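A short write-up of the structure that comes next.
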Amino acid sequence: MPRYRKALVAVLALVLVPLTVVSGTAAAADRYRTVTDFDAGWLFNYGDASGAGGATYNDSGWRKLSVPHDWSIEGRNPPANPFSQSAPSTGRGGYLPSGIGWYRKHFSLAGVPAGRRVSLEFDGVMANASVYVNGSLIGTHPYGYTSFRYDITAAAKLGGDNVVAVKTDTTSQPASRYYTGAGIYREVRLITTDPIHIGQWATRVTTPGNTAVHAETTVVNESGAAASVSVQGVLSDPGGAALPAVTTAAKTIAAGASATFAYDVPVSNPKLWDLTSPNLYSLATNVLVGGTVVDDEVTSVGIQTLTFSASTGMSLNGKSVKFQGVALHQDLHGLGMAAPQRALQRRLAQLKALGVNAIRTAHDPPSPAFLELTDRMGFLVLDEFFDVWTQHKYSDVGDYATYFNRTAAAPTGTPAVPGASGSVPWYQVDATSVVMRDRNHPSVAMWSTGNEIRDPIATRTPLLTRMVAIAHSLDPGRPVTQALFRPADSGDVTGATRTIVDVFGGNYRPDEVIQAAKTAPARAGLFTEMGTDTSAWTTVRNNAMVTGLFLWTGAAYLGEADGLWPRAEPDFGLMDGVGTVRPIGYSWQRTWGAPTTSPPPTGTTADRVLLSPDHSTVSTDVDDVSYVKATVADSSGRVVTGSSAPITFSVSGPGVLAAVDSGSPVQETFRGSVRKAYQGVAYGLVRATGAGTITVTASSAGLTLGTTTLTGTTAPFVPCSGSCD
């Protein structure tokens with residue numbers, strides 16, 4: 001659960017019931033759902049470890065850390081350089097290491113009352129995760145980009161100590177066309193509920209006509225007896241004021257059964273969610289048994305109407321809007337895939353300053369933390385499922401094509417696939433997972449079933465039909481597209497694809513997209529991927545049915561660098577890997593009509609190192625980090641872009657260097673304390689370890705030392721809203 005929503009749950013609990021302390025975490029006494037941040041206190045071992053899933057395995061020598069954690073970006077022996085020209089991941093994976101990594105965590109459930117259900121939820125594990133609790137294998141999950149939740153009640157000891165072990169395995173390489181990372185790279189949480197509770201991602205919220213919030217949810221009865229159950233919805237406006245509660249009629253749910261409830265909350269004078277004012281309401285869904293609340297869940301709600309038309313394109317709240325979009329891979333350069341939410345927020349704010357209003361999650365589902373930010377900051381999102389289906393694009397034997405049609409092993413950690421009976425393939429499980437988890441985000445504008453899928457159309461047609469059916473069943477109001485590869489050559493313009501998808505999308509073939517969109521029955525079109533030539537925007541403007549475009553790419557990314565050694569990344573991006581705007585970025589800023597900015601003035605003779613943090617306060621929260629910029633400058637403070645001088649960072653006080661970085665595409669370790677300047681700039685990424693003054697210095701031979709201070713705090717990181725950073 002995102003941090004601001006966890007805070008809201010805590011507030012509700014304070015209002016509703018007294019609190020007790022369970023394993024150091026405030027939780028409602030014997031009642032309501034408890035969601036515990038499970039990111040701290042892990043142990044890690046690089047490489048395989050026989051028996052490490054066992055309850056009594058000796059892990060005393062393992063490294064202590066917190067997740068999210070990407071062990072590939074740091075390598076086996078940080079700060080040693082992890083890049084290798086002979087890495088099995090090849091240049092497509094950024095020449096970075098792969099293999100097996102183990103995580104273990106000891107935790108207590110001593111305060112959890114008997115009869116509660118206990119689950120572990122992972123936002124993403126790269127890849128092939130095997131999860132053990134107290135020595136019992138709970139489940140395996142191959143796809144590194146989808147979330148999963150395991151009920152561990154049967155294996156857990158509610159009265160005492162427990163251990164969870166997670167094996168991650170990226171041995172099969174190459175595994176992708178771009179860098180994927182490795183390990184528990186997204187957040188983890190422990191959830192305890194009453195046996196009668198809301199199902200996993202079971203609440204769906206819509207806002208029909210912008211005059212009401214309509215909610216549907218499914219309640220599961222895992223107790224031993226039938227129960228009379230009703231559901232209560234409490235909607236709070238963006239300012240926190242609660243509207244009158246709405247309670248459904250009661251239903252009797254038999255033991256082991258479930259029931260679905262629906263209700264509407266009228267909203268007068270709604271504060272709409274849009275790109276400039278991303279107003280968010282909050283819906284608390286309470287489960288009542290015999291009139292007593294036993295479970296609760298909080299959903300963020302954006303009241304909006306997003307429509308797609310063959311004649312007018314896309315409209316948001318009745319106003320025409322185009323996707324001014326960029327595609328993004330998910331790595332954050334020196335942080336790899338384990339990006340603190342502050343780093344994601346910084347990147348999104350930088351893109352917004354260039355006029356970007358939409359993100360395509362190329363080519364995999366994003367993290368919940370990312371979508372929380374796009375909700376709060378006012379972006380539209382094209383949420384993409386897969387980069388491959390049944391066929392590998394190259395010789396990537398470890399990519400998702402290996403698992404796409406393989407029968408999913410139970411438990412899958414995800415809700416049941418709609419319309420399915422018996423065993424199902426992983427692609428249906430993962431498509432269900434993405435749609436159910438992400439469908440309440442107002443920023444999610446559309447689903448994409450895949451990117452440049454190379455399967456022949458005869459293979460693709462039934463698979464696409466099934467994925468669209470899953471999306472429509474779980475989320476009827478949101479359209480589905482696909483980033484098609486050479487659609488005319490592949491038979492998509494005249495074949496079944498054109499009528500299966502709701503919006504016709506294609507990469508680099510705008511004329512073919514327009515042709516397909518105009519062919520009866522007409523539909524809206526989308527340039528799902530385009531190069532950075534600004535002339536493409538004229539085509540978007542001149543064709544009403546074209547809903548916009550997504551440029552390749554918003555920011556530089558690791559991988560897709562075969563044959564480029566010692567480079568570990570290609571040249572794509574409006575910005576480099578640390579957010580420095582490239583000339584093409586300024587061109588698109590002017591094209592999209594955003595307030596113009598310009599690069600800083602330059603000098604020629606290096607004299608000093610200047611330090612400037614992007615935030616002067618940094619938290620101990622794992623979601624926070626401060627980017628401290630070191631500029632090689634002349635005596636007047638102008639950046640010397642010709643300098644590649646090594647910069648040595650040091651930190652004193654309650655802080656540490658999480659990484660060192662620059663915009664350089666050439667392989668160089670991101671760990672340790674030294675980073676070569678690239679075009680005169682390097683960064684030290686600082687995290688707090690406690691409250692107090694953190695002093696950061698940066699030195700380089702022959703240059704005046706740079707220094708700055710940060711304030712460390714233990715306050716939780718709270719993501720921003722609207723235009724920020």
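Lettering and numbering for the structure tokens are positional, with chains as A, B, ... in the shown order, residues counted from 1 in each chain, and ligands counted from 1 in the shown order.
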
Can you pull out the residues contacting Val501 (chain A)? Cut-off 8 Å, using only C-alpha atoms, and skip same-chain residues under 2 positions away; I want them as a list in words. Val468, Pro479, Val480, Thr481, Gln482, Thr497, Arg498, Thr499, Val503 and Phe504 of chain A

Please return as number ranges by chain: the residues of region 322-487 of chain A that backbone DSSP assigns to strand (DSSP E or B). A: 323-328, 358-361, 380-384, 407, 425, 444-451, 480-485

Go ahead and write the selection's residues with C-alpha atoms as a PDB file, in the first residue's frame.
```
ATOM      1  CA  PHE A 323      -1.053  12.221 -25.215  1.00  0.00           C
ATOM      2  CA  GLN A 324       2.128  14.294 -25.081  1.00  0.00           C
ATOM      3  CA  GLY A 325       3.841  11.122 -24.078  1.00  0.00           C
ATOM      4  CA  VAL A 326       7.163   9.415 -23.591  1.00  0.00           C
ATOM      5  CA  ALA A 327       8.038   5.769 -23.110  1.00  0.00           C
ATOM      6  CA  LEU A 328      10.042   4.906 -20.009  1.00  0.00           C
ATOM      7  CA  ALA A 358       1.673  10.917 -20.402  1.00  0.00           C
ATOM      8  CA  ILE A 359       3.896   7.905 -19.734  1.00  0.00           C
ATOM      9  CA  ARG A 360       3.996   4.574 -21.522  1.00  0.00           C
ATOM     10  CA  THR A 361       5.364   1.923 -19.151  1.00  0.00           C
ATOM     11  CA  LEU A 380      -1.919   9.799 -18.078  1.00  0.00           C
ATOM     12  CA  VAL A 381      -0.468   6.293 -18.278  1.00  0.00           C
ATOM     13  CA  LEU A 382      -0.437   3.619 -20.975  1.00  0.00           C
ATOM     14  CA  ASP A 383      -0.071   0.538 -18.758  1.00  0.00           C
ATOM     15  CA  GLU A 384       1.685  -2.172 -20.791  1.00  0.00           C
ATOM     16  CA  THR A 407       0.595 -23.519 -16.990  1.00  0.00           C
ATOM     17  CA  PRO A 425      -1.342 -20.067 -18.520  1.00  0.00           C
ATOM     18  CA  VAL A 444      -4.259   4.842 -16.095  1.00  0.00           C
ATOM     19  CA  ALA A 445      -5.829   5.807 -19.409  1.00  0.00           C
ATOM     20  CA  MET A 446      -5.459   2.604 -21.388  1.00  0.00           C
ATOM     21  CA  TRP A 447      -4.064  -0.937 -21.339  1.00  0.00           C
ATOM     22  CA  SER A 448      -1.493  -2.166 -23.858  1.00  0.00           C
ATOM     23  CA  THR A 449      -1.308  -5.925 -24.308  1.00  0.00           C
ATOM     24  CA  GLY A 450       2.196  -5.899 -25.731  1.00  0.00           C
ATOM     25  CA  ASN A 451       5.013  -4.271 -27.644  1.00  0.00           C
ATOM     26  CA  VAL A 480      -7.248  -1.708 -24.764  1.00  0.00           C
ATOM     27  CA  THR A 481      -4.584  -1.144 -27.411  1.00  0.00           C
ATOM     28  CA  GLN A 482      -1.375  -2.780 -28.574  1.00  0.00           C
ATOM     29  CA  ALA A 483       1.925  -1.324 -29.772  1.00  0.00           C
ATOM     30  CA  LEU A 484       1.897  -3.086 -33.119  1.00  0.00           C
ATOM     31  CA  PHE A 485       4.964  -3.953 -35.155  1.00  0.00           C
TER      32      PHE A 485
END
```

Need the shell around region 148-157 of chain A: protein/DNA/RNA residues with any atom at most 6 Å away, counting only C-alpha atoms. Skip same-chain ones fewer than 2 positions apart. Format as number ranges by chain? A: 117-122, 159-160, 413-414

Take the residues just selected and output them with N, CA and C atoms as a tab-separated table (two decimals), in the first residue's frame.
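Contents of the output file result.tsv:
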```
chain	number	residue	atom	x	y	z
A	117	ARG	N	-6.06	-13.97	9.37
A	117	ARG	CA	-5.39	-14.41	8.16
A	117	ARG	C	-4.16	-13.53	7.94
A	118	VAL	N	-3.05	-14.15	7.56
A	118	VAL	CA	-1.79	-13.43	7.39
A	118	VAL	C	-1.30	-13.62	5.96
A	119	SER	N	-0.94	-12.53	5.32
A	119	SER	CA	-0.46	-12.58	3.94
A	119	SER	C	0.79	-11.74	3.77
A	120	LEU	N	1.62	-12.14	2.82
A	120	LEU	CA	2.76	-11.34	2.38
A	120	LEU	C	2.49	-10.88	0.96
A	121	GLU	N	2.67	-9.58	0.72
A	121	GLU	CA	2.45	-9.02	-0.61
A	121	GLU	C	3.75	-8.41	-1.13
A	122	PHE	N	4.12	-8.82	-2.34
A	122	PHE	CA	5.33	-8.33	-3.01
A	122	PHE	C	4.91	-7.52	-4.23
A	159	GLY	N	1.80	-17.19	17.22
A	159	GLY	CA	2.20	-16.89	18.59
A	159	GLY	C	3.67	-16.60	18.77
A	160	GLY	N	4.46	-16.58	17.69
A	160	GLY	CA	5.89	-16.40	17.92
A	160	GLY	C	6.66	-15.98	16.70
A	413	GLY	N	-0.78	-16.42	-6.32
A	413	GLY	CA	-0.59	-15.16	-5.62
A	413	GLY	C	-1.43	-14.04	-6.17
A	414	THR	N	-2.38	-14.38	-7.08
A	414	THR	CA	-3.22	-13.37	-7.71
A	414	THR	C	-4.66	-13.88	-7.75
```

Give me the residues within 10 Å of Arg439 (chain A) as a PyMOL selection string, counting only C-alpha atoms and dropping any in the same chain fewer than 2 places off. chain A and resi 201+203-206+383+434-437+441-447+471+474-478

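Among the candidate residues A:Ala496, A:Phe572, A:Thr711, A:Gly313, the one lying nearest to Ile514 (chain A) is A:Gly313, with distances computed using only C-alpha atoms.
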
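CA of Met545 (chain A) lies 6.8 Å from CA of Ser309 (chain A).
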
Considering only C-alpha atoms, return as a PyMOL selection string whatever protein or nucleic-acid residues lie within 8 Å of region 661-675 of chain A, sequence-local ones (same chain, fewer than 6 positions apart) excluded. chain A and resi 73-74+78-83+333-335+565-571+576-580+646-650+681-685

Go ahead and write the residues just picked, N, CA and C atoms, as a short mmCIF file (atom, residue, chain, number, x, y, z; two decimals), in the first residue's frame.
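Result saved to result09.cif:
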```
data_model
loop_
_atom_site.label_atom_id
_atom_site.label_comp_id
_atom_site.auth_asym_id
_atom_site.auth_seq_id
_atom_site.Cartn_x
_atom_site.Cartn_y
_atom_site.Cartn_z
N ILE A 73 22.63 -4.15 -10.00
CA ILE A 73 23.22 -2.84 -10.27
C ILE A 73 24.45 -2.58 -9.41
N GLU A 74 24.49 -3.21 -8.24
CA GLU A 74 25.63 -2.99 -7.36
C GLU A 74 26.72 -4.04 -7.56
N PRO A 78 30.39 -4.73 -4.19
CA PRO A 78 30.43 -3.27 -4.28
C PRO A 78 31.50 -2.73 -3.33
N PRO A 79 32.26 -1.68 -3.74
CA PRO A 79 32.04 -0.84 -4.92
C PRO A 79 32.79 -1.28 -6.18
N ALA A 80 33.24 -2.52 -6.23
CA ALA A 80 33.92 -2.98 -7.44
C ALA A 80 32.99 -2.84 -8.65
N ASN A 81 33.57 -2.60 -9.81
CA ASN A 81 32.78 -2.38 -11.01
C ASN A 81 32.01 -3.66 -11.38
N PRO A 82 30.68 -3.61 -11.44
CA PRO A 82 29.90 -4.82 -11.73
C PRO A 82 29.78 -5.13 -13.21
N PHE A 83 30.14 -4.19 -14.08
CA PHE A 83 29.98 -4.38 -15.52
C PHE A 83 31.04 -5.34 -16.07
N HIS A 333 18.96 4.46 -13.52
CA HIS A 333 20.40 4.59 -13.71
C HIS A 333 21.16 4.03 -12.52
N GLY A 334 21.85 4.85 -11.74
CA GLY A 334 22.68 4.35 -10.66
C GLY A 334 21.94 3.64 -9.55
N LEU A 335 20.64 3.86 -9.46
CA LEU A 335 19.82 3.17 -8.47
C LEU A 335 19.27 1.86 -9.01
N TRP A 565 29.88 -1.89 -26.22
CA TRP A 565 30.88 -1.82 -25.15
C TRP A 565 32.02 -0.88 -25.52
N PRO A 566 32.46 -0.01 -24.60
CA PRO A 566 32.17 0.02 -23.16
C PRO A 566 30.90 0.78 -22.76
N ARG A 567 30.11 1.18 -23.74
CA ARG A 567 28.83 1.79 -23.39
C ARG A 567 27.89 0.72 -22.85
N ALA A 568 27.07 1.11 -21.89
CA ALA A 568 26.09 0.19 -21.31
C ALA A 568 24.67 0.62 -21.62
N GLU A 569 24.53 1.63 -22.48
CA GLU A 569 23.20 2.14 -22.83
C GLU A 569 23.25 2.79 -24.20
N PRO A 570 22.10 2.90 -24.89
CA PRO A 570 22.07 3.56 -26.19
C PRO A 570 21.93 5.08 -26.03
N ASP A 571 21.62 5.77 -27.12
CA ASP A 571 21.57 7.23 -27.12
C ASP A 571 20.18 7.82 -26.94
N ASP A 576 19.23 12.62 -20.19
CA ASP A 576 20.15 11.52 -19.92
C ASP A 576 19.71 10.79 -18.65
N GLY A 577 20.50 9.85 -18.19
CA GLY A 577 20.09 9.00 -17.08
C GLY A 577 19.93 9.68 -15.75
N VAL A 578 20.49 10.88 -15.58
CA VAL A 578 20.34 11.61 -14.32
C VAL A 578 19.46 12.85 -14.47
N GLY A 579 18.85 13.02 -15.65
CA GLY A 579 17.87 14.09 -15.80
C GLY A 579 18.36 15.35 -16.47
N THR A 580 19.58 15.36 -16.99
CA THR A 580 20.06 16.52 -17.74
C THR A 580 19.35 16.54 -19.09
N PRO A 646 37.40 13.14 -12.14
CA PRO A 646 36.82 12.29 -11.09
C PRO A 646 36.43 13.15 -9.88
N ILE A 647 35.23 12.94 -9.40
CA ILE A 647 34.72 13.66 -8.24
C ILE A 647 34.63 12.67 -7.07
N THR A 648 35.22 13.03 -5.94
CA THR A 648 35.15 12.20 -4.74
C THR A 648 34.17 12.81 -3.77
N PHE A 649 33.13 12.05 -3.42
CA PHE A 649 32.11 12.51 -2.48
C PHE A 649 32.41 11.94 -1.09
N SER A 650 32.10 12.71 -0.08
CA SER A 650 32.16 12.20 1.29
C SER A 650 30.98 12.74 2.06
N VAL A 681 29.37 17.32 -14.83
CA VAL A 681 28.43 17.10 -13.73
C VAL A 681 28.50 15.66 -13.24
N ALA A 682 28.44 15.50 -11.92
CA ALA A 682 28.29 14.19 -11.28
C ALA A 682 27.34 14.35 -10.11
N TYR A 683 26.84 13.23 -9.60
CA TYR A 683 25.89 13.28 -8.49
C TYR A 683 26.30 12.32 -7.38
N GLY A 684 26.06 12.76 -6.16
CA GLY A 684 26.09 11.88 -5.01
C GLY A 684 24.67 11.75 -4.49
N LEU A 685 24.17 10.54 -4.40
CA LEU A 685 22.80 10.31 -3.96
C LEU A 685 22.84 9.93 -2.48
#
```

Using only C-alpha atoms, determine which residues lie at most 6 Å from region 286-298 of chain A, disregarding the query and same-chain residues fewer than 5 positions distant; provide the list as an mmCIF file with all heavy atoms, in the first residue's frame.
```cif
data_model
loop_
_atom_site.group_PDB
_atom_site.id
_atom_site.type_symbol
_atom_site.label_atom_id
_atom_site.label_comp_id
_atom_site.auth_asym_id
_atom_site.auth_seq_id
_atom_site.Cartn_x
_atom_site.Cartn_y
_atom_site.Cartn_z
ATOM 1 N N ARG A 31 -9.195 -6.112 15.396
ATOM 2 C CA ARG A 31 -10.170 -5.690 14.409
ATOM 3 C C ARG A 31 -9.470 -4.943 13.284
ATOM 4 O O ARG A 31 -8.393 -4.391 13.460
ATOM 5 C CB ARG A 31 -11.222 -4.769 15.050
ATOM 6 C CG ARG A 31 -12.014 -5.422 16.170
ATOM 7 C CD ARG A 31 -12.828 -4.397 16.920
ATOM 8 N NE ARG A 31 -13.794 -3.748 16.025
ATOM 9 C CZ ARG A 31 -14.557 -2.735 16.423
ATOM 10 N NH1 ARG A 31 -14.475 -2.270 17.644
ATOM 11 N NH2 ARG A 31 -15.416 -2.197 15.581
ATOM 12 N N TYR A 32 -10.139 -4.911 12.160
ATOM 13 C CA TYR A 32 -9.672 -4.193 10.990
ATOM 14 C C TYR A 32 -8.393 -4.794 10.406
ATOM 15 O O TYR A 32 -7.662 -5.545 11.030
ATOM 16 C CB TYR A 32 -9.481 -2.702 11.281
ATOM 17 C CG TYR A 32 -10.696 -2.019 11.839
ATOM 18 C CD1 TYR A 32 -10.670 -1.467 13.108
ATOM 19 C CD2 TYR A 32 -11.877 -1.965 11.107
ATOM 20 C CE1 TYR A 32 -11.785 -0.838 13.629
ATOM 21 C CE2 TYR A 32 -12.991 -1.342 11.620
ATOM 22 C CZ TYR A 32 -12.946 -0.783 12.881
ATOM 23 O OH TYR A 32 -14.052 -0.173 13.402
ATOM 24 N N ARG A 33 -8.163 -4.409 9.217
ATOM 25 C CA ARG A 33 -6.971 -4.855 8.494
ATOM 26 C C ARG A 33 -5.741 -4.120 9.017
ATOM 27 O O ARG A 33 -5.782 -2.923 9.285
ATOM 28 C CB ARG A 33 -7.176 -4.536 7.012
ATOM 29 C CG ARG A 33 -5.998 -4.791 6.115
ATOM 30 C CD ARG A 33 -6.414 -4.597 4.676
ATOM 31 N NE ARG A 33 -7.573 -5.427 4.366
ATOM 32 C CZ ARG A 33 -7.744 -6.060 3.212
ATOM 33 N NH1 ARG A 33 -6.850 -5.940 2.245
ATOM 34 N NH2 ARG A 33 -8.812 -6.797 3.004
ATOM 35 N N HIS A 197 -13.211 -10.858 4.979
ATOM 36 C CA HIS A 197 -12.437 -9.701 4.528
ATOM 37 C C HIS A 197 -12.637 -9.453 3.040
ATOM 38 O O HIS A 197 -13.145 -10.309 2.302
ATOM 39 C CB HIS A 197 -10.951 -9.930 4.808
ATOM 40 C CG HIS A 197 -10.400 -11.177 4.171
ATOM 41 N ND1 HIS A 197 -9.880 -11.199 2.904
ATOM 42 C CD2 HIS A 197 -10.319 -12.456 4.624
ATOM 43 C CE1 HIS A 197 -9.487 -12.414 2.596
ATOM 44 N NE2 HIS A 197 -9.741 -13.213 3.624
ATOM 45 N N SER A 228 -23.642 -12.845 8.372
ATOM 46 C CA SER A 228 -24.412 -11.769 7.762
ATOM 47 C C SER A 228 -23.487 -10.575 7.580
ATOM 48 O O SER A 228 -22.986 -10.006 8.564
ATOM 49 C CB SER A 228 -25.596 -11.387 8.653
ATOM 50 O OG SER A 228 -26.294 -10.290 8.103
ATOM 51 N N VAL A 229 -23.273 -10.211 6.310
ATOM 52 C CA VAL A 229 -22.244 -9.226 5.977
ATOM 53 C C VAL A 229 -22.854 -8.073 5.194
ATOM 54 O O VAL A 229 -23.688 -8.268 4.309
ATOM 55 C CB VAL A 229 -21.123 -9.883 5.142
ATOM 56 C CG1 VAL A 229 -20.070 -8.856 4.744
ATOM 57 C CG2 VAL A 229 -20.482 -11.031 5.908
ATOM 58 N N SER A 230 -22.418 -6.870 5.504
ATOM 59 C CA SER A 230 -22.738 -5.698 4.701
ATOM 60 C C SER A 230 -21.456 -4.893 4.512
ATOM 61 O O SER A 230 -20.443 -5.137 5.174
ATOM 62 C CB SER A 230 -23.825 -4.841 5.361
ATOM 63 O OG SER A 230 -23.419 -4.421 6.650
ATOM 64 N N VAL A 231 -21.517 -3.961 3.582
ATOM 65 C CA VAL A 231 -20.352 -3.130 3.266
ATOM 66 C C VAL A 231 -20.743 -1.674 3.403
ATOM 67 O O VAL A 231 -21.825 -1.260 2.973
ATOM 68 C CB VAL A 231 -19.839 -3.428 1.841
ATOM 69 C CG1 VAL A 231 -18.856 -2.360 1.379
ATOM 70 C CG2 VAL A 231 -19.195 -4.796 1.786
ATOM 71 N N GLN A 232 -19.854 -0.906 4.001
ATOM 72 C CA GLN A 232 -20.070 0.531 4.187
ATOM 73 C C GLN A 232 -18.976 1.301 3.457
ATOM 74 O O GLN A 232 -17.790 0.962 3.559
ATOM 75 C CB GLN A 232 -20.038 0.885 5.670
ATOM 76 C CG GLN A 232 -20.237 2.363 5.978
ATOM 77 C CD GLN A 232 -19.970 2.670 7.436
ATOM 78 O OE1 GLN A 232 -18.827 2.627 7.891
ATOM 79 N NE2 GLN A 232 -21.028 2.949 8.182
#
```

List every residue of region 275-482 of chain A that DSSP, applied to the backbone, labels as alpha helix (DSSP H), and write the result as a PyMOL selection string. chain A and resi 341-352+368-377+426-438+457-474

Residues as selected, C-alpha atoms, written as a PDB file, in the first residue's frame, can you do that?
```pdb
ATOM      1  CA  GLN A 341       9.752   7.018  -4.765  1.00  0.00           C
ATOM      2  CA  ARG A 342      11.515  10.388  -4.464  1.00  0.00           C
ATOM      3  CA  ALA A 343      13.719   9.442  -7.432  1.00  0.00           C
ATOM      4  CA  LEU A 344      10.650   8.513  -9.488  1.00  0.00           C
ATOM      5  CA  GLN A 345       9.011  11.775  -8.464  1.00  0.00           C
ATOM      6  CA  ARG A 346      12.085  13.740  -9.523  1.00  0.00           C
ATOM      7  CA  ARG A 347      12.093  12.121 -12.974  1.00  0.00           C
ATOM      8  CA  LEU A 348       8.385  12.729 -13.508  1.00  0.00           C
ATOM      9  CA  ALA A 349       8.733  16.372 -12.453  1.00  0.00           C
ATOM     10  CA  GLN A 350      11.606  16.845 -14.903  1.00  0.00           C
ATOM     11  CA  LEU A 351       9.520  15.360 -17.715  1.00  0.00           C
ATOM     12  CA  LYS A 352       6.512  17.482 -16.797  1.00  0.00           C
ATOM     13  CA  PRO A 368       2.200   0.782  -7.405  1.00  0.00           C
ATOM     14  CA  ALA A 369       4.501   3.539  -6.136  1.00  0.00           C
ATOM     15  CA  PHE A 370       4.899   4.858  -9.683  1.00  0.00           C
ATOM     16  CA  LEU A 371       1.151   4.952 -10.303  1.00  0.00           C
ATOM     17  CA  GLU A 372       0.583   6.681  -6.984  1.00  0.00           C
ATOM     18  CA  LEU A 373       2.801   9.471  -8.299  1.00  0.00           C
ATOM     19  CA  THR A 374       1.149   9.691 -11.715  1.00  0.00           C
ATOM     20  CA  ASP A 375      -2.210   9.945  -9.919  1.00  0.00           C
ATOM     21  CA  ARG A 376      -0.967  12.724  -7.666  1.00  0.00           C
ATOM     22  CA  MET A 377       1.073  14.636 -10.250  1.00  0.00           C
ATOM     23  CA  TRP A 426       0.802 -17.457 -16.836  1.00  0.00           C
ATOM     24  CA  TYR A 427      -0.075 -14.726 -19.340  1.00  0.00           C
ATOM     25  CA  GLN A 428      -3.712 -14.832 -18.238  1.00  0.00           C
ATOM     26  CA  VAL A 429      -2.709 -14.777 -14.572  1.00  0.00           C
ATOM     27  CA  ASP A 430      -0.420 -11.793 -15.098  1.00  0.00           C
ATOM     28  CA  ALA A 431      -2.881  -9.852 -17.269  1.00  0.00           C
ATOM     29  CA  THR A 432      -5.510 -10.359 -14.557  1.00  0.00           C
ATOM     30  CA  SER A 433      -3.048  -9.212 -11.919  1.00  0.00           C
ATOM     31  CA  VAL A 434      -2.169  -5.993 -13.771  1.00  0.00           C
ATOM     32  CA  VAL A 435      -5.743  -4.973 -14.497  1.00  0.00           C
ATOM     33  CA  MET A 436      -7.118  -5.730 -11.036  1.00  0.00           C
ATOM     34  CA  ARG A 437      -4.242  -4.046  -9.225  1.00  0.00           C
ATOM     35  CA  ASP A 438      -4.116  -0.908 -11.392  1.00  0.00           C
ATOM     36  CA  ILE A 457      -1.110 -13.032 -36.667  1.00  0.00           C
ATOM     37  CA  ALA A 458      -2.720 -16.488 -36.597  1.00  0.00           C
ATOM     38  CA  THR A 459      -1.075 -17.072 -33.208  1.00  0.00           C
ATOM     39  CA  ARG A 460      -1.671 -13.555 -31.955  1.00  0.00           C
ATOM     40  CA  THR A 461      -5.362 -13.258 -32.740  1.00  0.00           C
ATOM     41  CA  PRO A 462      -6.751 -15.719 -30.139  1.00  0.00           C
ATOM     42  CA  LEU A 463      -4.244 -14.525 -27.544  1.00  0.00           C
ATOM     43  CA  LEU A 464      -5.140 -10.873 -28.099  1.00  0.00           C
ATOM     44  CA  THR A 465      -8.833 -11.746 -28.019  1.00  0.00           C
ATOM     45  CA  ARG A 466      -8.393 -13.432 -24.633  1.00  0.00           C
ATOM     46  CA  MET A 467      -6.392 -10.571 -23.121  1.00  0.00           C
ATOM     47  CA  VAL A 468      -8.888  -7.967 -24.304  1.00  0.00           C
ATOM     48  CA  ALA A 469     -11.706 -10.090 -22.861  1.00  0.00           C
ATOM     49  CA  ILE A 470      -9.922 -10.264 -19.487  1.00  0.00           C
ATOM     50  CA  ALA A 471      -9.400  -6.493 -19.437  1.00  0.00           C
ATOM     51  CA  HIS A 472     -12.980  -5.738 -20.460  1.00  0.00           C
ATOM     52  CA  SER A 473     -14.372  -8.175 -17.893  1.00  0.00           C
ATOM     53  CA  LEU A 474     -12.402  -6.690 -15.017  1.00  0.00           C
TER      54      LEU A 474
END
```

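For the atom pair formed by CA of Thr695 (chain A) and CA of Ala645 (chain A), the distance is 21.8 Å, given to one decimal.
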